[in-house]
$ cat upload20.txt   # compact mmCIF, C-alpha atoms
# COMPACT_ATOMS: atom_id res chain seq x y z
CA MET A 169 0.00 0.00 0.00
CA ILE A 170 1.12 3.53 -0.75
CA ALA A 171 0.25 6.61 1.26
CA GLU A 172 -1.82 9.42 -0.14
CA ILE A 173 -0.98 12.47 1.93
CA GLY A 174 -3.46 15.32 1.83
CA ILE A 175 -2.76 18.76 3.31
CA ASP A 176 -5.58 21.25 3.85
CA TYR A 177 -3.95 24.57 3.06
CA ASN A 178 -6.88 26.45 4.56
CA LEU A 179 -5.83 25.01 7.90
CA CYS A 180 -2.03 24.83 7.46
CA LYS A 181 -1.06 28.50 7.29
CA ASP A 182 2.45 28.75 8.72
CA PRO A 183 4.18 25.44 8.02
CA LEU A 184 7.74 26.74 8.33
CA GLY A 185 7.01 28.46 11.65
CA CYS A 186 5.13 25.43 13.00
CA ARG A 187 7.31 22.67 11.46
CA LYS A 188 5.86 20.02 13.80
CA CYS A 189 5.21 17.47 11.04
CA LEU A 190 8.60 18.16 9.45
CA SER A 191 10.27 17.53 12.76
CA VAL A 192 8.35 14.46 13.90
CA CYS A 193 8.32 12.38 10.70
CA PRO A 194 10.58 9.33 11.17
CA SER A 195 10.91 8.92 7.41
CA VAL A 196 11.39 12.58 6.38
CA ILE A 197 8.44 12.42 3.98
CA PHE A 198 7.55 16.09 4.00
CA VAL A 199 9.01 19.05 2.26
CA CYS A 200 8.16 22.66 3.03
CA GLY A 201 8.98 24.96 0.14
CA PRO A 202 8.18 28.44 -1.11
CA THR A 203 5.44 28.97 -3.68
CA LYS A 204 6.89 32.37 -4.64
CA ILE A 205 10.40 33.76 -4.99
CA TRP A 206 10.84 37.53 -4.69
CA LYS A 207 13.68 39.77 -5.66
CA GLY A 208 14.98 41.80 -2.74
CA ARG A 209 13.10 40.07 0.05
CA GLU A 210 12.58 36.71 1.68
CA THR A 211 9.47 34.74 0.86
CA ASP A 212 6.75 35.35 3.43
CA PRO A 213 6.10 32.29 5.65
CA SER A 214 2.46 32.37 4.49
CA GLU A 215 3.77 31.64 0.98
CA TYR A 216 5.34 28.39 2.13
CA ARG A 217 3.59 25.07 1.62
CA ILE A 218 3.99 21.59 3.01
CA ALA A 219 3.80 18.62 0.65
CA GLY A 220 4.28 14.89 1.20
CA ARG A 221 7.07 14.69 -1.36
CA TYR A 222 8.46 11.26 -0.51
CA PHE A 223 5.05 9.66 0.03
CA ASP A 224 6.34 6.36 -1.32
CA LYS A 225 8.46 6.06 1.84
CA CYS A 226 5.59 6.71 4.29
CA SER A 227 5.09 3.90 6.82
CA GLY A 228 1.70 5.11 7.96
CA CYS A 229 2.75 5.57 11.57
CA GLY A 230 0.37 8.52 11.91
CA ASP A 231 2.67 10.73 14.01
CA CYS A 232 2.21 13.71 11.66
CA VAL A 233 -1.57 13.53 11.95
CA LYS A 234 -1.31 13.38 15.75
CA VAL A 235 1.14 16.26 16.03
CA CYS A 236 -0.56 18.71 13.64
CA PRO A 237 -2.14 21.50 15.73
CA THR A 238 -4.71 22.38 13.07
CA GLY A 239 -5.69 18.89 11.90
CA ALA A 240 -4.58 19.73 8.37
CA ILE A 241 -2.96 16.40 7.50
CA LYS A 242 -4.80 13.39 6.21
CA VAL A 243 -3.06 10.12 5.39
CA GLU A 244 -4.87 7.39 3.50
CA PHE A 245 -3.50 4.26 1.95
CA LEU A 246 -4.18 3.03 -1.56
CA PRO A 247 -3.22 -0.31 -3.09
CA ARG A 248 0.08 0.09 -4.93
CA GLU A 249 -1.42 -1.37 -8.08
CA GLN A 250 -4.21 1.21 -8.14
CA LEU A 251 -1.69 4.07 -8.00
CA ALA A 252 0.61 2.33 -10.48
CA GLN A 253 -2.30 2.10 -12.90
CA GLN A 254 -3.07 5.80 -12.44
CA PHE A 255 0.54 6.82 -13.09
CA ARG A 256 0.78 4.52 -16.11
CA ILE A 257 -2.21 6.33 -17.60
CA GLU A 258 -0.50 9.69 -16.91
CA ARG A 259 2.63 8.40 -18.62
CA ALA A 260 0.71 7.16 -21.63
CA ALA A 261 -0.97 10.56 -21.98
CA GLN A 262 2.42 12.25 -21.73
CA LEU A 263 3.87 10.05 -24.48
CA LYS A 264 0.84 10.56 -26.68
CA GLU A 265 1.14 14.31 -26.36
CA ARG A 266 4.83 14.19 -27.15
CA ASN A 267 4.28 12.13 -30.30
CA SER A 268 1.40 14.20 -31.59
CA MET B 182 39.10 10.20 -15.35
CA CYS B 183 36.00 11.90 -14.03
CA TRP B 184 34.26 13.68 -16.91
CA VAL B 185 34.17 17.00 -15.07
CA CYS B 186 37.98 16.93 -14.61
CA GLU B 187 38.42 16.05 -18.25
CA LYS B 188 36.43 19.08 -19.27
CA TYR B 189 37.24 21.61 -16.58
CA GLY B 190 40.41 20.40 -14.86
CA ASN B 191 43.71 22.17 -15.43
CA LYS B 192 45.96 19.58 -17.16
CA GLY B 193 44.85 16.49 -15.33
CA GLU B 194 44.18 18.28 -12.03
CA LYS B 195 40.92 17.88 -10.24
CA TRP B 196 38.38 20.31 -11.60
CA TYR B 197 37.44 21.75 -8.21
CA LEU B 198 41.09 22.64 -7.51
CA ASN B 199 41.26 24.69 -10.70
CA PRO B 200 40.95 28.38 -9.67
CA GLU B 201 39.25 29.20 -12.98
CA ASN B 202 36.16 27.40 -11.81
CA TYR B 203 35.74 29.91 -8.99
CA ALA B 204 36.15 32.97 -11.19
CA ARG B 205 32.61 33.61 -12.23
CA ARG B 206 32.09 37.15 -13.41
CA LEU B 207 30.17 39.39 -11.08
CA TYR B 208 27.93 41.03 -13.65
CA LYS B 209 26.04 39.69 -16.57
CA VAL B 210 23.50 41.26 -18.83
CA ARG B 211 20.08 40.26 -17.65
CA LYS B 212 16.93 40.21 -19.64
CA GLU B 213 14.11 42.31 -18.33
CA GLY B 214 11.62 40.00 -16.76
CA LYS B 215 8.91 39.50 -14.24
CA GLU B 216 11.38 38.24 -11.63
CA ALA B 217 10.93 41.18 -9.25
CA ALA B 218 7.18 40.71 -9.12
CA GLY B 219 7.49 37.34 -7.41
CA SER B 220 7.85 34.40 -9.71
CA ASP B 221 6.07 31.16 -9.02
CA ALA B 222 7.98 28.35 -7.38
CA ASP B 223 7.04 24.73 -6.92
CA PRO B 224 7.32 23.84 -3.24
CA GLN B 225 7.77 20.22 -4.32
CA SER B 226 11.04 21.08 -6.01
CA ALA B 227 12.58 22.82 -3.00
CA GLY B 228 16.04 21.56 -2.08
CA MET B 229 19.13 20.85 -4.11
CA GLY B 230 18.31 19.12 -7.36
CA ALA B 231 14.85 18.07 -6.25
CA GLY B 232 12.85 19.19 -9.28
CA VAL B 233 12.40 15.67 -10.60
CA VAL B 234 11.54 13.84 -7.40
CA ALA B 235 7.77 14.02 -7.85
CA GLU B 236 8.06 12.43 -11.29
CA LEU B 237 10.63 9.86 -10.13
CA VAL B 238 8.35 8.72 -7.32
CA LYS B 239 5.53 8.16 -9.81
CA ALA B 240 7.78 6.22 -12.16
CA ARG B 241 9.03 4.10 -9.25
CA ILE B 242 5.53 3.25 -8.06
CA SER B 243 4.36 2.34 -11.54
CA GLY B 244 7.39 0.07 -11.91
CA ASN B 245 8.20 1.63 -15.28
CA LEU B 246 11.99 1.45 -15.48
CA GLU B 247 12.14 3.00 -18.92
CA TRP B 248 10.22 6.03 -17.67
CA GLU B 249 12.47 6.31 -14.63
CA GLU B 250 15.60 6.16 -16.78
CA GLU B 251 14.22 8.77 -19.13
CA ILE B 252 13.47 11.17 -16.26
CA LYS B 253 16.99 10.75 -14.92
CA ARG B 254 18.68 11.02 -18.31
CA GLU B 255 16.89 14.24 -19.22
CA ALA B 256 17.25 15.78 -15.78
CA LEU B 257 20.96 14.97 -15.53
CA GLU B 258 21.71 16.22 -19.02
CA HIS B 259 20.37 19.57 -17.83
CA ALA B 260 21.87 19.36 -14.33
CA TYR B 261 25.42 18.67 -15.56
CA GLN B 262 25.27 21.85 -17.63
CA THR B 263 23.87 23.97 -14.81
CA HIS B 264 23.74 22.67 -11.25
CA PHE B 265 25.19 19.53 -9.66
CA GLY B 266 27.58 18.52 -6.90
CA GLN B 267 30.46 16.22 -6.02
CA VAL B 268 31.81 14.82 -2.77
CA VAL B 269 35.30 16.02 -1.77
CA THR B 270 37.63 15.04 1.06
CA LEU B 271 38.32 17.26 4.06
CA ASP B 272 41.84 18.01 2.76
CA GLU B 273 40.46 19.12 -0.58
CA TYR B 274 37.77 21.20 1.11
CA LEU B 275 40.44 23.02 3.12
CA GLN B 276 42.45 23.62 -0.06
CA ILE B 277 39.37 25.09 -1.73
CA LEU B 278 38.95 27.53 1.14
CA ASP B 279 42.34 28.97 0.10
CA ILE B 280 41.31 29.25 -3.56
CA ALA B 281 37.78 30.64 -3.38
CA TYR B 282 36.88 34.14 -2.24
CA PRO B 283 34.83 35.59 -0.67
CA LEU B 284 33.51 32.98 1.74
CA ALA B 285 30.11 33.42 3.39
CA LYS B 286 28.35 31.09 5.80
CA MET B 287 24.72 30.60 4.91
CA THR B 288 21.79 28.41 5.92
CA CYS B 289 21.19 25.00 4.36
CA GLY B 290 18.14 25.08 2.09
CA CYS B 291 17.74 21.31 2.16
CA ARG B 292 17.45 21.00 5.91
CA ARG B 293 15.15 23.99 6.02
CA VAL B 294 12.71 22.51 3.56
CA GLN B 295 12.93 18.89 4.76
CA ARG B 296 13.13 19.44 8.51
CA GLY B 297 12.15 23.07 8.99
CA MET B 298 15.47 23.72 10.72
CA PRO B 299 15.45 27.18 12.33
CA ASP B 300 17.97 29.51 10.70
CA ASP B 301 20.20 29.96 13.76
CA GLU B 302 20.80 26.18 13.96
CA ASN B 303 21.23 25.79 10.24
CA PHE B 304 24.38 27.66 9.13
CA THR B 305 26.08 24.63 7.59
CA CYS B 306 26.51 25.77 3.99
CA MET B 307 28.99 28.15 2.48
CA GLY B 308 28.34 30.44 -0.47
CA ILE B 309 31.56 31.30 -2.31
CA GLY B 310 32.82 33.52 -5.08
CA PRO B 311 31.98 37.00 -6.33
CA GLY B 312 28.30 36.14 -6.60
CA MET B 313 28.08 36.37 -2.82
CA TYR B 314 28.59 40.13 -2.94
CA LYS B 315 25.11 40.49 -4.39
CA TRP B 316 23.32 37.98 -2.17
CA GLU B 317 20.75 40.56 -1.15
CA ARG B 318 19.22 40.49 -4.62
CA TRP B 319 17.71 37.10 -3.80
CA PRO B 320 17.39 36.89 -0.02
CA GLU B 321 15.16 33.79 -0.14
CA THR B 322 18.12 31.73 -1.37
CA TYR B 323 20.08 33.02 1.62
CA ARG B 324 17.21 32.93 4.09
CA GLY B 325 18.47 33.94 7.52
CA GLY B 326 21.21 36.11 6.00
CA VAL B 327 24.88 35.41 5.39
CA GLU B 328 28.04 35.82 7.43
CA PHE B 329 31.27 36.62 5.61
CA VAL B 330 34.25 34.83 7.15
CA THR B 331 38.01 34.70 6.69
CA PRO B 332 39.67 31.57 5.24
CA GLU B 333 40.98 30.75 8.73
CA GLU B 334 37.50 30.99 10.27
CA ALA B 335 36.11 28.94 7.42
CA LYS B 336 38.68 26.19 7.95
CA GLU B 337 37.97 25.98 11.64
CA TRP B 338 34.26 25.74 10.88
CA ALA B 339 34.89 23.07 8.21
CA LEU B 340 36.90 20.98 10.68
CA MET B 341 34.07 21.25 13.21
CA ASN B 342 31.54 20.14 10.59
CA HIS B 343 33.71 17.19 9.60
CA LYS B 344 34.10 16.21 13.23
CA GLU B 345 30.35 16.35 13.72
CA GLY B 346 29.93 14.02 10.76
CA ARG B 347 28.92 16.05 7.74
CA VAL B 348 30.00 15.11 4.22
CA GLN B 349 31.75 17.89 2.34
CA THR B 350 30.74 18.65 -1.23
CA VAL B 351 31.27 21.24 -3.94
CA ASP B 352 28.26 22.58 -5.78
CA VAL B 353 28.10 24.07 -9.22
CA PHE B 354 25.86 26.96 -10.15
CA GLY B 355 26.19 27.40 -13.90
CA THR B 356 28.77 24.79 -14.95
CA PRO B 357 31.69 24.95 -14.30
CA TYR B 358 31.40 27.67 -11.65
CA ILE B 359 31.47 26.41 -8.10
CA GLY B 360 29.28 28.66 -5.98
CA GLY B 361 28.69 26.53 -2.91
CA LEU B 362 30.45 24.31 -0.44
CA CYS B 363 27.92 22.15 1.34
CA GLN B 364 28.15 19.91 4.36
CA CYS B 365 25.64 17.21 3.82
CA GLU B 366 24.15 14.10 5.32
CA TYR B 367 21.47 11.51 4.77
CA PRO B 368 18.53 12.08 4.79
CA GLY B 369 18.59 15.84 5.48
CA CYS B 370 20.45 16.68 2.28
CA VAL B 371 18.16 16.38 -0.72
CA ALA B 372 21.04 15.58 -3.08
CA VAL B 373 22.38 12.76 -0.87
CA ARG B 374 18.90 11.42 -0.28
CA ASN B 375 17.96 11.38 -3.94
CA ARG B 376 21.22 9.64 -4.81
CA ILE B 377 20.81 6.97 -2.15
CA ASP B 378 17.05 6.42 -2.33
CA TYR B 379 16.42 6.94 -6.06
CA ASP B 380 19.90 6.55 -7.59
CA PHE B 381 19.61 10.05 -9.05
CA LYS B 382 23.19 11.05 -9.84
CA PHE B 383 22.88 14.78 -9.22
CA LEU B 384 25.58 14.30 -6.60
CA LEU B 385 28.70 12.58 -7.94
CA LYS B 386 30.93 10.32 -5.88
CA GLY B 387 34.32 11.72 -4.89
CA HIS B 388 37.75 10.91 -6.28
CA THR B 389 38.68 8.58 -3.45
CA VAL B 390 37.42 5.33 -1.97
CA ALA B 391 37.84 4.12 1.60
CA LYS B 392 39.43 0.71 2.18
CA VAL B 393 39.72 -1.14 5.46
CA ASP B 394 43.05 -2.66 6.47
CA ARG B 395 41.76 -5.78 8.16
CA GLU B 396 45.07 -6.34 9.97
CA LYS B 397 44.90 -2.93 11.62
CA CYS B 398 41.17 -2.84 12.39
CA THR B 399 40.54 -3.75 16.02
CA GLY B 400 36.76 -3.80 15.74
CA CYS B 401 36.41 -0.85 18.12
CA LYS B 402 33.37 0.47 16.18
CA SER B 403 34.50 4.12 16.35
CA CYS B 404 33.73 4.49 12.65
CA LEU B 405 30.20 3.11 12.86
CA GLY B 406 27.61 5.83 12.45
CA ARG B 407 29.96 8.04 10.47
CA CYS B 408 28.90 6.91 6.99
CA GLN B 409 26.09 8.94 5.39
CA PHE B 410 25.89 6.69 2.34
CA LYS B 411 24.91 3.34 3.88
CA ALA B 412 28.33 1.96 2.93
CA LEU B 413 29.72 1.03 6.34
CA ASN B 414 28.84 -1.54 8.96
CA LEU B 415 30.43 -4.02 11.31
CA GLU B 416 31.25 -7.40 9.88
CA VAL B 417 29.99 -9.04 13.05
CA TYR B 418 31.47 -12.52 12.63
CA THR B 419 35.04 -11.23 12.21
CA SER B 420 34.50 -8.09 14.31
CA LYS B 421 36.00 -5.80 11.66
CA ALA B 422 34.70 -2.68 9.98
CA TYR B 423 33.26 -3.36 6.53
CA VAL B 424 33.22 -0.67 3.85
CA ASP B 425 31.14 -1.40 0.77
CA MET B 426 33.63 0.13 -1.65
CA ASP B 427 31.14 0.03 -4.49
CA GLN B 428 28.80 2.19 -2.42
CA CYS B 429 31.52 4.40 -0.86
CA PHE B 430 31.52 8.09 -1.87
CA GLY B 431 35.05 8.73 -0.60
CA CYS B 432 34.22 11.49 1.89
CA GLY B 433 36.67 10.18 4.49
CA LEU B 434 34.40 10.58 7.54
CA CYS B 435 35.15 7.00 8.63
CA VAL B 436 38.89 7.51 8.07
CA THR B 437 39.23 10.35 10.56
CA ALA B 438 37.17 8.47 13.15
CA CYS B 439 39.53 5.50 13.24
CA PRO B 440 41.99 5.54 16.17
CA THR B 441 44.31 2.93 14.60
CA ASN B 442 44.46 4.36 11.04
CA ALA B 443 42.91 1.18 9.72
CA ILE B 444 40.85 2.94 7.05
CA GLU B 445 42.62 4.71 4.24
CA LEU B 446 41.46 6.67 1.19
CA PHE B 447 42.66 5.41 -2.19
CA ASP B 448 42.37 7.06 -5.58
CA ARG B 449 39.22 5.84 -7.28
CA GLU B 450 40.92 6.02 -10.64
CA ASN B 451 43.64 3.61 -9.56
CA MET B 452 41.04 0.96 -8.80
CA PRO B 453 39.98 -0.52 -12.13
CA GLY B 454 36.78 -1.94 -10.70
CA LEU B 455 35.64 1.42 -9.37
CA ALA B 456 37.32 3.88 -11.72
CA GLU B 457 34.15 4.62 -13.66
CA ASN B 458 31.85 4.46 -10.69
CA TRP B 459 30.94 8.10 -10.16

$ encode --input "upload20.txt" --output "structure tokens"
Amino acid sequence: MIAEIGIDYNLCKDPLGCRKCLSVCPSVIFVCGPTKIWKGRETDPSEYRIAGRYFDKCSGCGDCVKVCPTGAIKVEFLPREQLAQQFRIERAAQLKERNS
Amino acid sequence: MCWVCEKYGNKGEKWYLNPENYARRLYKVRKEGKEAAGSDADPQSAGMGAGVVAELVKARISGNLEWEEEIKREALEHAYQTHFGQVVTLDEYLQILDIAYPLAKMTCGCRRVQRGMPDDENFTCMGIGPGMYKWERWPETYRGGVEFVTPEEAKEWALMNHKEGRVQTVDVFGTPYIGGLCQCEYPGCVAVRNRIDYDFKFLLKGHTVAKVDREKCTGCKSCLGRCQFKALNLEVYTSKAYVDMDQCFGCGLCVTACPTNAIELFDRENMPGLAENW
């Protein structure tokens, strides 16, 4: 099974300041990056977003869900084959577009 | 010979010891653009060489090797012309600190994005070269500010980092210009992690390989825990350190931890079985 990690960005507003999920995750699944880069100033923390980048390494321990103060993280598991099928379709579409 | 040395080394010297590769010009003509207005960034691609991870993960899960190879091939073709890194030894790192100038301590972007490390605990990278004089143009890259240091201060800091167990690397920003000296580890460093977990060769192995002298090794285990590349463990049944030389990146962290000098660095290129293993 492979994790599907959902973040509710209406609830998660200051991921870099909070960083609880980043800190607790035993598998370092999350990444917290800027959505904007500005010339002459740092990106505002509100322009940072968490994502479950390495979701294929998630064990499903649930620590991130427990530690999140706003309840913004949802982790569900899907059969690997279901996801594999979905990504194969994406790949086929990509190849089709390239060859057209 | 390593392909970067072949192209950018000075007569067979290592490319990162060639002063020319630190001499990036300070000014270049820029095209007018929307950059000042705040350009979009993909949070998923934050961290050194991470732009392809999302795609790689999909290819991995779908078990499509051809797709995975294609992602890597295309990404590396671009990376090797623009932005990549290589492991160096402590000695080489100290030599570089005498070649490059100016030197400015800065925060590690990888550990910030992967662990949310607070800036004051995260000054483990070093920006180098004339480009550092204009760091304030793009403060997000240097989040937390920079601290210019003398070569002597930089060396002391590098020795401390080595002692604490960080791997030392050179990082190119616009091949062949080296703009960063990083001190990396698994899994906090995105480049190390992507190399180890996804075999994405954004980070090249170094020019040396560690070898254990089994006569000298006493099995004291001082070296255990030093390796950031999953290349070192205890061979329990003989009670000797075991270095997987095929997996070794040649950083030398295990070497300096050994009290009996039982681990030594050898030139990768003098080992026919490993000479092309970058």

$ closest_residue --input "upload20.txt" --among "A:Ile170, A:Val199, A:Cys236, A:Cys226" --to "chain B" --atoms "only C-alpha atoms"
A:Val199

$ atom_distance --input "upload20.txt" --atom1 "CA of Gly290 (chain B)" --atom2 "CA of Ser220 (chain B)"
18.2 Å

$ atom_distance --input "upload20.txt" --atom1 "CA of Asn375 (chain B)" --atom2 "CA of Asn342 (chain B)"
21.7 Å

$ residues_near_point --input "upload20.txt" --point "(1.5, 1.0, 0.9)" --cutoff "12 Å" --atoms "all atoms listed in the file" --output "list of chain:residue names"
A:Met169, A:Ile170, A:Ala171, A:Glu172, A:Ile173, A:Phe223, A:Asp224, A:Lys225, A:Cys226, A:Ser227, A:Gly228, A:Cys229, A:Val243, A:Glu244, A:Phe245, A:Leu246, A:Pro247, A:Arg248, A:Glu249, A:Gln250, A:Leu251, A:Ala252, B:Ile242

$ atom_distance --input "upload20.txt" --atom1 "CA of Lys421 (chain B)" --atom2 "CA of Lys392 (chain B)"
12.0 Å

$ residues_around --input "upload20.txt" --residues "Ala240 (chain A)" --least-positions-apart "4" --cutoff "10 Å" --atoms "only C-alpha atoms" --output "PyMOL selection string"
chain A and resi 174-181+232-233+236

$ closest_atom_pairs --input "upload20.txt" --of "chain A" --to "chain B" --cutoff "7 Å" --atoms "all atoms listed in the file" --output "JSON lines"
{"residue": "A:Leu184", "atom": "CA", "partner": "B:Gly297", "partner_atom": "CA", "distance": 5.8}
{"residue": "A:Arg187", "atom": "CA", "partner": "B:Gly297", "partner_atom": "CA", "distance": 5.4}
{"residue": "A:Leu190", "atom": "CA", "partner": "B:Arg296", "partner_atom": "CA", "distance": 4.8}
{"residue": "A:Ser191", "atom": "CA", "partner": "B:Arg296", "partner_atom": "CA", "distance": 5.5}
{"residue": "A:Val196", "atom": "CA", "partner": "B:Gln295", "partner_atom": "CA", "distance": 6.7}
{"residue": "A:Phe198", "atom": "CA", "partner": "B:Gln295", "partner_atom": "CA", "distance": 6.1}
{"residue": "A:Val199", "atom": "CA", "partner": "B:Gln295", "partner_atom": "CA", "distance": 4.7}
{"residue": "A:Cys200", "atom": "CA", "partner": "B:Val294", "partner_atom": "CA", "distance": 4.6}
{"residue": "A:Gly201", "atom": "CA", "partner": "B:Pro224", "partner_atom": "CA", "distance": 3.9}
{"residue": "A:Pro202", "atom": "CA", "partner": "B:Pro224", "partner_atom": "CA", "distance": 5.1}
{"residue": "A:Thr203", "atom": "CA", "partner": "B:Ala222", "partner_atom": "CA", "distance": 4.5}
{"residue": "A:Lys204", "atom": "CA", "partner": "B:Asp221", "partner_atom": "CA", "distance": 4.6}
{"residue": "A:Ile205", "atom": "CA", "partner": "B:Gly219", "partner_atom": "CA", "distance": 5.2}
{"residue": "A:Trp206", "atom": "CA", "partner": "B:Gly219", "partner_atom": "CA", "distance": 4.3}
{"residue": "A:Lys207", "atom": "CA", "partner": "B:Ala217", "partner_atom": "CA", "distance": 4.7}
{"residue": "A:Gly208", "atom": "CA", "partner": "B:Arg318", "partner_atom": "CA", "distance": 4.8}
{"residue": "A:Arg209", "atom": "CA", "partner": "B:Pro320", "partner_atom": "CA", "distance": 5.3}
{"residue": "A:Glu210", "atom": "CA", "partner": "B:Glu321", "partner_atom": "CA", "distance": 4.3}
{"residue": "A:Thr211", "atom": "CA", "partner": "B:Glu321", "partner_atom": "CA", "distance": 5.9}
{"residue": "A:Arg217", "atom": "CA", "partner": "B:Pro224", "partner_atom": "CA", "distance": 6.2}
{"residue": "A:Ala219", "atom": "CA", "partner": "B:Gln225", "partner_atom": "CA", "distance": 6.6}
{"residue": "A:Arg221", "atom": "CA", "partner": "B:Gln225", "partner_atom": "CA", "distance": 6.3}
{"residue": "A:Asp224", "atom": "CA", "partner": "B:Val238", "partner_atom": "CA", "distance": 6.8}
{"residue": "A:Ala252", "atom": "CA", "partner": "B:Ser243", "partner_atom": "CA", "distance": 3.9}
{"residue": "A:Gln253", "atom": "CA", "partner": "B:Ser243", "partner_atom": "CA", "distance": 6.8}
{"residue": "A:Phe255", "atom": "CA", "partner": "B:Ser243", "partner_atom": "CA", "distance": 6.1}
{"residue": "A:Arg256", "atom": "CA", "partner": "B:Ser243", "partner_atom": "CA", "distance": 6.2}

$ residues_around --input "upload20.txt" --residues "Asp394 (chain B)" --least-positions-apart "6" --cutoff "8 Å" --atoms "all atoms listed in the file" --output "ChimeraX atom specification"
/B:443-445

$ write_last_selection --input "upload20.txt" --atoms "C-alpha atoms" --output "tab-separated table (two decimals), in the frame of the given file"
chain	number	residue	atom	x	y	z
B	443	ALA	CA	42.91	1.18	9.72
B	444	ILE	CA	40.85	2.94	7.05
B	445	GLU	CA	42.62	4.71	4.24

$ closest_residue --input "upload20.txt" --among "B:Glu273, B:Asp427, B:Glu194, B:Asp279" --to "Asn458 (chain B)" --atoms "all atoms listed in the file"
B:Asp427

$ residues_around --input "upload20.txt" --residues "Gln276 (chain B)" --least-positions-apart "6" --cutoff "10 Å" --atoms "only C-alpha atoms" --output "mmCIF file with C-alpha atoms, in the frame of the given file"
data_model
loop_
_atom_site.group_PDB
_atom_site.id
_atom_site.type_symbol
_atom_site.label_atom_id
_atom_site.label_comp_id
_atom_site.auth_asym_id
_atom_site.auth_seq_id
_atom_site.Cartn_x
_atom_site.Cartn_y
_atom_site.Cartn_z
ATOM 1 C CA TYR B 197 37.440 21.750 -8.210
ATOM 2 C CA LEU B 198 41.090 22.640 -7.510
ATOM 3 C CA THR B 270 37.630 15.040 1.060
ATOM 4 C CA PRO B 332 39.670 31.570 5.240
ATOM 5 C CA LYS B 336 38.680 26.190 7.950
#

$ closest_residue --input "upload20.txt" --among "A:Gly239, A:Gly185, A:Arg259, A:Glu215" --to "Glu249 (chain B)" --atoms "all atoms listed in the file"
A:Arg259

$ decode --input "upload20.txt" --residues "region 403-430 of chain B" --atoms "C-alpha atoms" --output "PDB file, in the first residue's frame"
ATOM      1  CA  SER B 403      34.501   4.122  16.351  1.00  0.00           C
ATOM      2  CA  CYS B 404      33.732   4.491  12.651  1.00  0.00           C
ATOM      3  CA  LEU B 405      30.202   3.114  12.862  1.00  0.00           C
ATOM      4  CA  GLY B 406      27.613   5.829  12.446  1.00  0.00           C
ATOM      5  CA  ARG B 407      29.959   8.045  10.468  1.00  0.00           C
ATOM      6  CA  CYS B 408      28.900   6.910   6.988  1.00  0.00           C
ATOM      7  CA  GLN B 409      26.087   8.937   5.392  1.00  0.00           C
ATOM      8  CA  PHE B 410      25.894   6.689   2.335  1.00  0.00           C
ATOM      9  CA  LYS B 411      24.910   3.339   3.877  1.00  0.00           C
ATOM     10  CA  ALA B 412      28.332   1.965   2.927  1.00  0.00           C
ATOM     11  CA  LEU B 413      29.725   1.026   6.343  1.00  0.00           C
ATOM     12  CA  ASN B 414      28.842  -1.541   8.964  1.00  0.00           C
ATOM     13  CA  LEU B 415      30.434  -4.025  11.313  1.00  0.00           C
ATOM     14  CA  GLU B 416      31.247  -7.405   9.876  1.00  0.00           C
ATOM     15  CA  VAL B 417      29.990  -9.040  13.046  1.00  0.00           C
ATOM     16  CA  TYR B 418      31.471 -12.518  12.626  1.00  0.00           C
ATOM     17  CA  THR B 419      35.045 -11.225  12.209  1.00  0.00           C
ATOM     18  CA  SER B 420      34.499  -8.086  14.307  1.00  0.00           C
ATOM     19  CA  LYS B 421      35.999  -5.802  11.664  1.00  0.00           C
ATOM     20  CA  ALA B 422      34.698  -2.681   9.981  1.00  0.00           C
ATOM     21  CA  TYR B 423      33.258  -3.365   6.535  1.00  0.00           C
ATOM     22  CA  VAL B 424      33.218  -0.673   3.849  1.00  0.00           C
ATOM     23  CA  ASP B 425      31.144  -1.402   0.774  1.00  0.00           C
ATOM     24  CA  MET B 426      33.626   0.129  -1.653  1.00  0.00           C
ATOM     25  CA  ASP B 427      31.145   0.029  -4.488  1.00  0.00           C
ATOM     26  CA  GLN B 428      28.799   2.191  -2.418  1.00  0.00           C
ATOM     27  CA  CYS B 429      31.524   4.404  -0.863  1.00  0.00           C
ATOM     28  CA  PHE B 430      31.517   8.086  -1.867  1.00  0.00           C
TER      29      PHE B 430
END
